[in-house]
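What follows is the content of target28.cif, which has mmCIF, C-alpha atoms and all ligand atoms:
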```cif
data_final
loop_
_atom_site.group_PDB
_atom_site.id
_atom_site.type_symbol
_atom_site.label_atom_id
_atom_site.label_comp_id
_atom_site.auth_asym_id
_atom_site.auth_seq_id
_atom_site.Cartn_x
_atom_site.Cartn_y
_atom_site.Cartn_z
ATOM 1 C CA MET A 840 65.860 -17.451 -1.657
ATOM 2 C CA GLU A 841 64.498 -14.004 -0.923
ATOM 3 C CA TYR A 842 67.919 -12.348 -0.874
ATOM 4 C CA LYS A 843 71.275 -13.211 -2.433
ATOM 5 C CA ARG A 844 73.585 -11.008 -0.347
ATOM 6 C CA ILE A 845 72.689 -9.847 3.151
ATOM 7 C CA LEU A 846 74.159 -7.605 5.793
ATOM 8 C CA LEU A 847 73.160 -9.074 9.132
ATOM 9 C CA LYS A 848 73.413 -6.821 12.168
ATOM 10 C CA LEU A 849 73.733 -8.695 15.447
ATOM 11 C CA SER A 850 73.757 -6.788 18.702
ATOM 12 C CA GLY A 851 76.469 -7.409 21.229
ATOM 13 C CA GLU A 852 73.886 -7.613 23.963
ATOM 14 C CA SER A 853 72.205 -10.592 22.333
ATOM 15 C CA LEU A 854 75.458 -12.559 22.634
ATOM 16 C CA GLN A 855 74.924 -12.577 26.395
ATOM 17 C CA GLY A 856 72.208 -15.155 25.937
ATOM 18 C CA LYS A 857 70.701 -16.326 29.206
ATOM 19 C CA GLN A 858 73.845 -15.411 31.167
ATOM 20 C CA GLY A 859 73.027 -11.693 31.202
ATOM 21 C CA TYR A 860 76.696 -10.730 30.724
ATOM 22 C CA GLY A 861 79.680 -11.465 28.474
ATOM 23 C CA ILE A 862 79.425 -14.018 25.686
ATOM 24 C CA ASP A 863 77.252 -17.124 25.888
ATOM 25 C CA PRO A 864 78.748 -20.019 23.853
ATOM 26 C CA GLU A 865 75.264 -21.510 23.325
ATOM 27 C CA ARG A 866 73.930 -18.301 21.798
ATOM 28 C CA LEU A 867 77.036 -18.009 19.619
ATOM 29 C CA LYS A 868 76.510 -21.530 18.335
ATOM 30 C CA ASP A 869 72.805 -20.894 17.679
ATOM 31 C CA TYR A 870 73.726 -17.891 15.574
ATOM 32 C CA THR A 871 76.622 -19.394 13.646
ATOM 33 C CA THR A 872 74.757 -22.642 12.944
ATOM 34 C CA GLN A 873 71.828 -20.740 11.473
ATOM 35 C CA ILE A 874 74.127 -18.531 9.416
ATOM 36 C CA LYS A 875 76.064 -21.553 8.136
ATOM 37 C CA ALA A 876 72.797 -23.144 6.984
ATOM 38 C CA ILE A 877 71.864 -20.203 4.774
ATOM 39 C CA ALA A 878 75.454 -19.769 3.550
ATOM 40 C CA GLU A 879 75.359 -23.389 2.383
ATOM 41 C CA GLN A 880 72.241 -22.535 0.423
ATOM 42 C CA GLY A 881 74.230 -19.900 -1.461
ATOM 43 C CA VAL A 882 73.365 -16.758 0.491
ATOM 44 C CA GLN A 883 76.291 -14.365 0.870
ATOM 45 C CA VAL A 884 76.470 -13.205 4.489
ATOM 46 C CA ALA A 885 78.282 -10.220 5.942
ATOM 47 C CA ILE A 886 77.823 -9.640 9.675
ATOM 48 C CA VAL A 887 78.213 -6.420 11.613
ATOM 49 C CA ILE A 888 78.503 -7.221 15.285
ATOM 50 C CA GLY A 889 77.839 -4.780 18.132
ATOM 51 C CA GLY A 890 79.673 -4.457 21.424
ATOM 52 C CA GLY A 891 76.986 -3.469 23.938
ATOM 53 C CA ASN A 892 77.530 -6.615 26.019
ATOM 54 C CA ILE A 893 80.999 -5.307 26.871
ATOM 55 C CA PHE A 894 81.140 -1.522 26.559
ATOM 56 C CA ARG A 895 79.167 1.412 25.191
ATOM 57 C CA GLY A 896 80.774 4.838 24.820
ATOM 58 C CA MET A 897 77.614 6.641 25.893
ATOM 59 C CA SER A 898 77.294 4.785 29.175
ATOM 60 C CA GLY A 899 81.014 5.312 29.718
ATOM 61 C CA ALA A 900 80.581 9.060 29.199
ATOM 62 C CA GLN A 901 77.817 9.089 31.837
ATOM 63 C CA GLN A 902 80.316 7.596 34.271
ATOM 64 C CA GLY A 903 82.884 10.264 33.472
ATOM 65 C CA PHE A 904 84.858 8.620 30.649
ATOM 66 C CA ASP A 905 85.920 10.770 27.738
ATOM 67 C CA ARG A 906 83.346 10.127 24.981
ATOM 68 C CA VAL A 907 85.836 9.527 22.170
ATOM 69 C CA LYS A 908 87.914 7.133 24.275
ATOM 70 C CA GLY A 909 84.734 5.441 25.435
ATOM 71 C CA ASP A 910 83.562 4.968 21.866
ATOM 72 C CA GLN A 911 86.958 3.549 20.963
ATOM 73 C CA MET A 912 86.587 1.117 23.852
ATOM 74 C CA GLY A 913 83.165 0.229 22.432
ATOM 75 C CA MET A 914 84.650 -0.380 18.989
ATOM 76 C CA LEU A 915 87.277 -2.666 20.521
ATOM 77 C CA ALA A 916 84.430 -4.516 22.242
ATOM 78 C CA THR A 917 82.947 -5.286 18.819
ATOM 79 C CA VAL A 918 86.294 -6.802 17.837
ATOM 80 C CA ILE A 919 86.177 -9.124 20.849
ATOM 81 C CA ASN A 920 82.719 -10.264 19.778
ATOM 82 C CA ALA A 921 83.875 -10.699 16.185
ATOM 83 C CA LEU A 922 86.659 -13.038 17.330
ATOM 84 C CA ALA A 923 84.129 -15.023 19.349
ATOM 85 C CA LEU A 924 81.944 -15.406 16.250
ATOM 86 C CA LYS A 925 84.979 -16.411 14.182
ATOM 87 C CA THR A 926 85.967 -19.176 16.599
ATOM 88 C CA SER A 927 82.392 -20.416 16.604
ATOM 89 C CA PHE A 928 82.300 -20.538 12.779
ATOM 90 C CA ASP A 929 85.650 -22.353 12.790
ATOM 91 C CA ALA A 930 84.298 -24.926 15.237
ATOM 92 C CA ILE A 931 81.382 -25.809 12.951
ATOM 93 C CA GLY A 932 83.411 -25.787 9.734
ATOM 94 C CA GLN A 933 82.128 -22.586 8.164
ATOM 95 C CA ARG A 934 84.777 -20.445 6.526
ATOM 96 C CA ALA A 935 84.684 -16.952 7.976
ATOM 97 C CA ARG A 936 86.958 -13.915 8.018
ATOM 98 C CA VAL A 937 87.237 -10.993 10.415
ATOM 99 C CA LEU A 938 87.717 -7.621 8.757
ATOM 100 C CA THR A 939 88.299 -4.607 10.999
ATOM 101 C CA SER A 940 87.601 -0.958 10.258
ATOM 102 C CA ILE A 941 90.719 -0.026 12.251
ATOM 103 C CA ARG A 942 94.055 -1.608 11.407
ATOM 104 C CA MET A 943 94.974 -4.319 13.910
ATOM 105 C CA GLU A 944 96.596 -7.174 12.055
ATOM 106 C CA PRO A 945 96.936 -10.027 12.940
ATOM 107 C CA ILE A 946 93.674 -9.853 14.906
ATOM 108 C CA GLY A 947 91.773 -9.144 11.710
ATOM 109 C CA GLU A 948 92.459 -7.883 8.210
ATOM 110 C CA PHE A 949 91.884 -4.244 7.407
ATOM 111 C CA TYR A 950 88.444 -3.765 5.805
ATOM 112 C CA THR A 951 87.936 -2.595 2.267
ATOM 113 C CA ASN A 952 84.659 -3.061 0.441
ATOM 114 C CA ASP A 953 86.478 -4.789 -2.436
ATOM 115 C CA LYS A 954 87.988 -7.339 -0.063
ATOM 116 C CA ALA A 955 84.640 -7.986 1.594
ATOM 117 C CA ILE A 956 82.914 -8.495 -1.764
ATOM 118 C CA ARG A 957 85.704 -10.807 -2.994
ATOM 119 C CA LEU A 958 85.355 -12.996 0.111
ATOM 120 C CA LEU A 959 81.570 -13.036 -0.140
ATOM 121 C CA ASN A 960 81.806 -14.163 -3.762
ATOM 122 C CA LYS A 961 84.032 -17.032 -2.584
ATOM 123 C CA GLY A 962 81.368 -18.144 -0.099
ATOM 124 C CA GLU A 963 83.108 -16.946 3.055
ATOM 125 C CA VAL A 964 81.139 -15.345 5.844
ATOM 126 C CA VAL A 965 82.559 -11.896 6.470
ATOM 127 C CA ILE A 966 82.547 -10.568 10.038
ATOM 128 C CA LEU A 967 82.870 -6.794 10.078
ATOM 129 C CA ALA A 968 84.300 -5.492 13.330
ATOM 130 C CA GLY A 969 84.963 -2.030 14.688
ATOM 131 C CA GLY A 970 81.759 -0.396 13.453
ATOM 132 C CA THR A 971 82.514 2.598 11.239
ATOM 133 C CA GLY A 972 85.898 3.093 12.913
ATOM 134 C CA SER A 973 84.770 6.536 14.110
ATOM 135 C CA PRO A 974 83.378 7.673 17.451
ATOM 136 C CA TYR A 975 79.857 9.108 17.823
ATOM 137 C CA PHE A 976 78.472 6.352 15.609
ATOM 138 C CA THR A 977 76.928 3.015 16.482
ATOM 139 C CA THR A 978 77.095 -0.382 14.905
ATOM 140 C CA ASP A 979 73.612 0.278 13.462
ATOM 141 C CA THR A 980 75.165 3.046 11.406
ATOM 142 C CA GLY A 981 78.122 0.778 10.703
ATOM 143 C CA SER A 982 75.604 -1.730 9.350
ATOM 144 C CA SER A 983 73.825 0.692 7.047
ATOM 145 C CA LEU A 984 77.167 1.985 5.786
ATOM 146 C CA ARG A 985 78.577 -1.487 5.115
ATOM 147 C CA ALA A 986 75.288 -2.732 3.629
ATOM 148 C CA LEU A 987 75.547 0.033 1.041
ATOM 149 C CA GLU A 988 79.269 -0.451 0.456
ATOM 150 C CA ILE A 989 78.990 -4.161 -0.220
ATOM 151 C CA LYS A 990 75.763 -3.698 -2.226
ATOM 152 C CA ALA A 991 73.711 -5.950 0.020
ATOM 153 C CA ASP A 992 70.123 -6.660 -1.042
ATOM 154 C CA VAL A 993 68.902 -5.945 2.469
ATOM 155 C CA MET A 994 70.067 -4.991 5.913
ATOM 156 C CA LEU A 995 68.704 -7.545 8.348
ATOM 157 C CA LYS A 996 68.513 -6.425 11.919
ATOM 158 C CA GLY A 997 68.394 -9.429 14.202
ATOM 159 C CA THR A 998 66.883 -8.469 17.549
ATOM 160 C CA ARG A 999 65.168 -10.174 20.458
ATOM 161 C CA VAL A 1000 61.696 -8.886 19.481
ATOM 162 C CA ASP A 1001 59.939 -10.045 16.366
ATOM 163 C CA GLY A 1002 59.735 -6.764 14.505
ATOM 164 C CA ILE A 1003 58.886 -3.086 14.870
ATOM 165 C CA TYR A 1004 56.052 -2.226 17.277
ATOM 166 C CA THR A 1005 54.081 0.958 17.937
ATOM 167 C CA ALA A 1006 55.867 1.068 21.317
ATOM 168 C CA ASP A 1007 58.424 -1.094 23.135
ATOM 169 C CA PRO A 1008 56.532 -4.417 23.474
ATOM 170 C CA GLU A 1009 58.682 -5.381 26.471
ATOM 171 C CA LYS A 1010 57.304 -2.350 28.334
ATOM 172 C CA ASP A 1011 53.886 -1.707 26.762
ATOM 173 C CA PRO A 1012 51.594 -4.760 26.435
ATOM 174 C CA THR A 1013 49.184 -2.857 24.129
ATOM 175 C CA ALA A 1014 51.906 -2.293 21.507
ATOM 176 C CA THR A 1015 51.103 -3.717 18.071
ATOM 177 C CA LYS A 1016 53.484 -4.900 15.373
ATOM 178 C CA PHE A 1017 53.942 -3.478 11.879
ATOM 179 C CA ASP A 1018 54.351 -5.895 8.969
ATOM 180 C CA THR A 1019 55.722 -3.036 6.894
ATOM 181 C CA ILE A 1020 56.487 0.562 7.764
ATOM 182 C CA THR A 1021 58.101 3.472 5.923
ATOM 183 C CA TYR A 1022 61.431 5.010 6.915
ATOM 184 C CA ASP A 1023 59.632 8.327 7.523
ATOM 185 C CA GLU A 1024 57.148 6.682 9.874
ATOM 186 C CA VAL A 1025 59.975 5.082 11.895
ATOM 187 C CA ILE A 1026 61.640 8.484 12.206
ATOM 188 C CA ARG A 1027 58.400 10.443 12.838
ATOM 189 C CA ARG A 1028 57.279 8.087 15.583
ATOM 190 C CA GLY A 1029 60.771 8.088 17.086
ATOM 191 C CA LEU A 1030 60.777 4.264 17.131
ATOM 192 C CA LYS A 1031 63.910 3.033 18.840
ATOM 193 C CA VAL A 1032 64.428 -0.021 16.701
ATOM 194 C CA MET A 1033 67.524 1.432 15.101
ATOM 195 C CA ASP A 1034 69.303 4.709 15.614
ATOM 196 C CA GLN A 1035 68.029 7.523 13.448
ATOM 197 C CA THR A 1036 71.319 8.150 11.654
ATOM 198 C CA ALA A 1037 71.233 4.580 10.369
ATOM 199 C CA THR A 1038 67.562 4.805 9.390
ATOM 200 C CA VAL A 1039 68.109 8.060 7.492
ATOM 201 C CA MET A 1040 71.106 6.605 5.708
ATOM 202 C CA CYS A 1041 69.073 3.598 4.556
ATOM 203 C CA LYS A 1042 66.250 5.895 3.509
ATOM 204 C CA GLU A 1043 68.461 8.173 1.426
ATOM 205 C CA ASN A 1044 70.042 5.228 -0.340
ATOM 206 C CA LYS A 1045 66.946 3.002 -0.586
ATOM 207 C CA MET A 1046 68.427 0.163 1.440
ATOM 208 C CA PRO A 1047 65.572 -2.041 2.699
ATOM 209 C CA ILE A 1048 65.705 -2.919 6.400
ATOM 210 C CA TYR A 1049 64.168 -6.089 7.777
ATOM 211 C CA VAL A 1050 63.782 -6.402 11.549
ATOM 212 C CA PHE A 1051 63.152 -9.853 13.023
ATOM 213 C CA ASN A 1052 63.733 -11.993 16.095
ATOM 214 C CA MET A 1053 67.097 -13.656 15.588
ATOM 215 C CA ASP A 1054 67.013 -15.347 18.979
ATOM 216 C CA LYS A 1055 64.357 -17.839 17.885
ATOM 217 C CA VAL A 1056 66.232 -20.661 16.174
ATOM 218 C CA GLY A 1057 64.986 -21.184 12.607
ATOM 219 C CA ASN A 1058 63.899 -17.578 12.058
ATOM 220 C CA LEU A 1059 66.832 -16.585 9.854
ATOM 221 C CA GLN A 1060 65.965 -19.450 7.528
ATOM 222 C CA LYS A 1061 62.324 -18.293 7.476
ATOM 223 C CA VAL A 1062 63.304 -14.748 6.536
ATOM 224 C CA MET A 1063 65.412 -16.103 3.704
ATOM 225 C CA ALA A 1064 62.494 -18.237 2.528
ATOM 226 C CA GLY A 1065 60.341 -15.097 2.315
ATOM 227 C CA GLU A 1066 58.127 -15.812 5.329
ATOM 228 C CA LYS A 1067 56.773 -12.562 6.721
ATOM 229 C CA ILE A 1068 57.792 -13.023 10.351
ATOM 230 C CA GLY A 1069 59.264 -9.568 11.005
ATOM 231 C CA THR A 1070 58.877 -5.974 9.831
ATOM 232 C CA LEU A 1071 60.053 -4.600 6.489
ATOM 233 C CA VAL A 1072 61.049 -0.923 6.338
ATOM 234 C CA THR A 1073 60.611 0.568 2.880
ATOM 235 C CA PRO A 1074 60.241 3.970 1.138
HETATM 236 N N1 LIG B 1 80.988 2.502 18.356
HETATM 237 C C1 LIG B 1 81.519 3.656 17.782
HETATM 238 N N2 LIG B 1 81.487 3.796 16.419
HETATM 239 C C2 LIG B 1 80.936 2.871 15.597
HETATM 240 C C3 LIG B 1 80.374 1.702 16.191
HETATM 241 C C4 LIG B 1 80.419 1.556 17.573
HETATM 242 O O1 LIG B 1 82.006 4.531 18.476
HETATM 243 O O2 LIG B 1 80.943 3.058 14.368
HETATM 244 C C5 LIG B 1 81.082 2.309 19.824
HETATM 245 C C6 LIG B 1 80.002 3.035 20.599
HETATM 246 O O3 LIG B 1 80.563 3.476 21.812
HETATM 247 C C7 LIG B 1 78.999 1.921 20.863
HETATM 248 C C8 LIG B 1 79.899 0.727 21.081
HETATM 249 O O4 LIG B 1 80.949 0.928 20.139
HETATM 250 O O5 LIG B 1 78.200 2.171 21.991
HETATM 251 C C9 LIG B 1 79.265 -0.621 20.877
HETATM 252 O O6 LIG B 1 78.454 -0.634 19.733
HETATM 253 P P1 LIG B 1 76.843 -0.669 19.812
HETATM 254 O O7 LIG B 1 76.365 0.135 20.978
HETATM 255 O O8 LIG B 1 76.314 -0.290 18.469
HETATM 256 O O9 LIG B 1 76.582 -2.205 20.085
HETATM 257 P P2 LIG B 1 75.209 -3.021 20.222
HETATM 258 O O10 LIG B 1 74.170 -2.090 20.805
HETATM 259 O O11 LIG B 1 74.814 -3.433 18.850
HETATM 260 O O12 LIG B 1 75.562 -4.185 21.064
#
```
This structure in structure tokens:
Amino acid sequence: MEYKRILLKLSGESLQGKQGYGIDPERLKDYTTQIKAIAEQGVQVAIVIGGGNIFRGMSGAQQGFDRVKGDQMGMLATVINALALKTSFDAIGQRARVLTSIRMEPIGEFYTNDKAIRLLNKGEVVILAGGTGSPYFTTDTGSSLRALEIKADVMLKGTRVDGIYTADPEKDPTATKFDTITYDEVIRRGLKVMDQTATVMCKENKMPIYVFNMDKVGNLQKVMAGEKIGTLVTP
């Protein structure tokens, strides 16, 4: 296996699946089944889940919501998605635990890095909800923060495109894909694959980022087997 402990960032939007809104049970099952398969092969998996399928503070602010309240609504949205993932893991017999960055027992246990690492060492999948717990951040930043805290070997960003392109491939058909790219290049080119705060944080702490298409069933397994299907961001 390419990596022993991973932080997998899943966007909330991707949970919509083909429905285009809310949470698609098929997509959930695709994700949790793939994650279970690598967990059974001994990979320790921590997941940071987004909330964009339900609420984003920024869009709320554009509609007149207070930004801090909007971001808190967004963080609660990630908790809803975390519970959906948990029920899906339960249904397929994979042990999983929801840890929240904001206290809200009994919905989830309060996150500490020690607790997360202890659970990972026991083979449980850890679902990290609530992002960083602070407004003005995103779950990308939550992912880079948690990846560092739990000493992950890599931060995997599962998206719906198969890596980092020179431009948005869904808008620009001439865009070409990078197999590898440096953190500086991502920042310099203003590539929107991850927010810049998260990219800078990974850069400063030498956390490798691997971007790949998580929506194609089988891809997670390929990444773990070392197949070069996505884009690796390195120093
Ligand atoms: N959020 C926040 N702090 C965090 C993580 C998330 O305030 O540390 C809020 C923010 O409003 C964000 C929303 O939660 O828009 C949902 O997260 P995100 O947009 O990262 O979800 P994704 O795009 O991955 O679905």
Using all atoms listed in the file, which protein or nucleic acid residues are at most 6 Å from ligand LIG 1 (chain B), as a list in words? Ser850, Gly851, Glu852, Gly889, Gly890, Gly891, Asn892, Arg895, Gly896, Met897, Gly909, Asp910, Gln911, Gly913, Met914, Gly970, Thr971, Gly972, Ser973, Pro974, Tyr975, Phe976, Thr977, Thr978, Asp979 and Gly981 of chain A
Any chance you could work out the axis-aligned box around stretch 901-907 of chain A, listed atoms only, 6 Å on each side, giving centre and edge lengths in Å to one decimal, as lines of an AutoDock Vina configuration file?
```
center_x = 81.9
center_y = 9.2
center_z = 28.2
size_x = 20.1
size_y = 15.2
size_z = 24.1
```
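When all atoms listed in the file are used to compute distances to A:Met943, the closest of the residues A:Ile886, A:Val918, A:Leu1059, A:Ala1006 turns out to be A:Val918.
As for atom CA of A:Lys857 and atom CA of A:Gly1029, they are spaced 29.0 Å apart.
Close contacts of stretch 1039-1042 of chain A, defined as residues with an atom at most 7 Å away when counting all atoms listed in the file, with chain neighbours fewer than 6 positions off set aside, comprise A:Ser983, A:Tyr1022, A:Pro1074.
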Could you save the residues just selected, with C-alpha atoms, as a compact mmCIF listing (two decimals), in the frame of the given file?
```txt
# COMPACT_ATOMS: atom_id res chain seq x y z
CA SER A 983 73.82 0.69 7.05
CA TYR A 1022 61.43 5.01 6.92
CA PRO A 1074 60.24 3.97 1.14
```
Between A:Ile888, A:Asp1018, A:Gly881, A:Tyr1004, smallest distance to A:Thr980 by only C-alpha atoms belongs to A:Ile888
Tell me which residues the PyMOL selection byres (((chain A and resi 842) around 8) and not hetatm) grabs here, as a ChimeraX atom specification. /A:840-841,843-845,882,992-993,1063
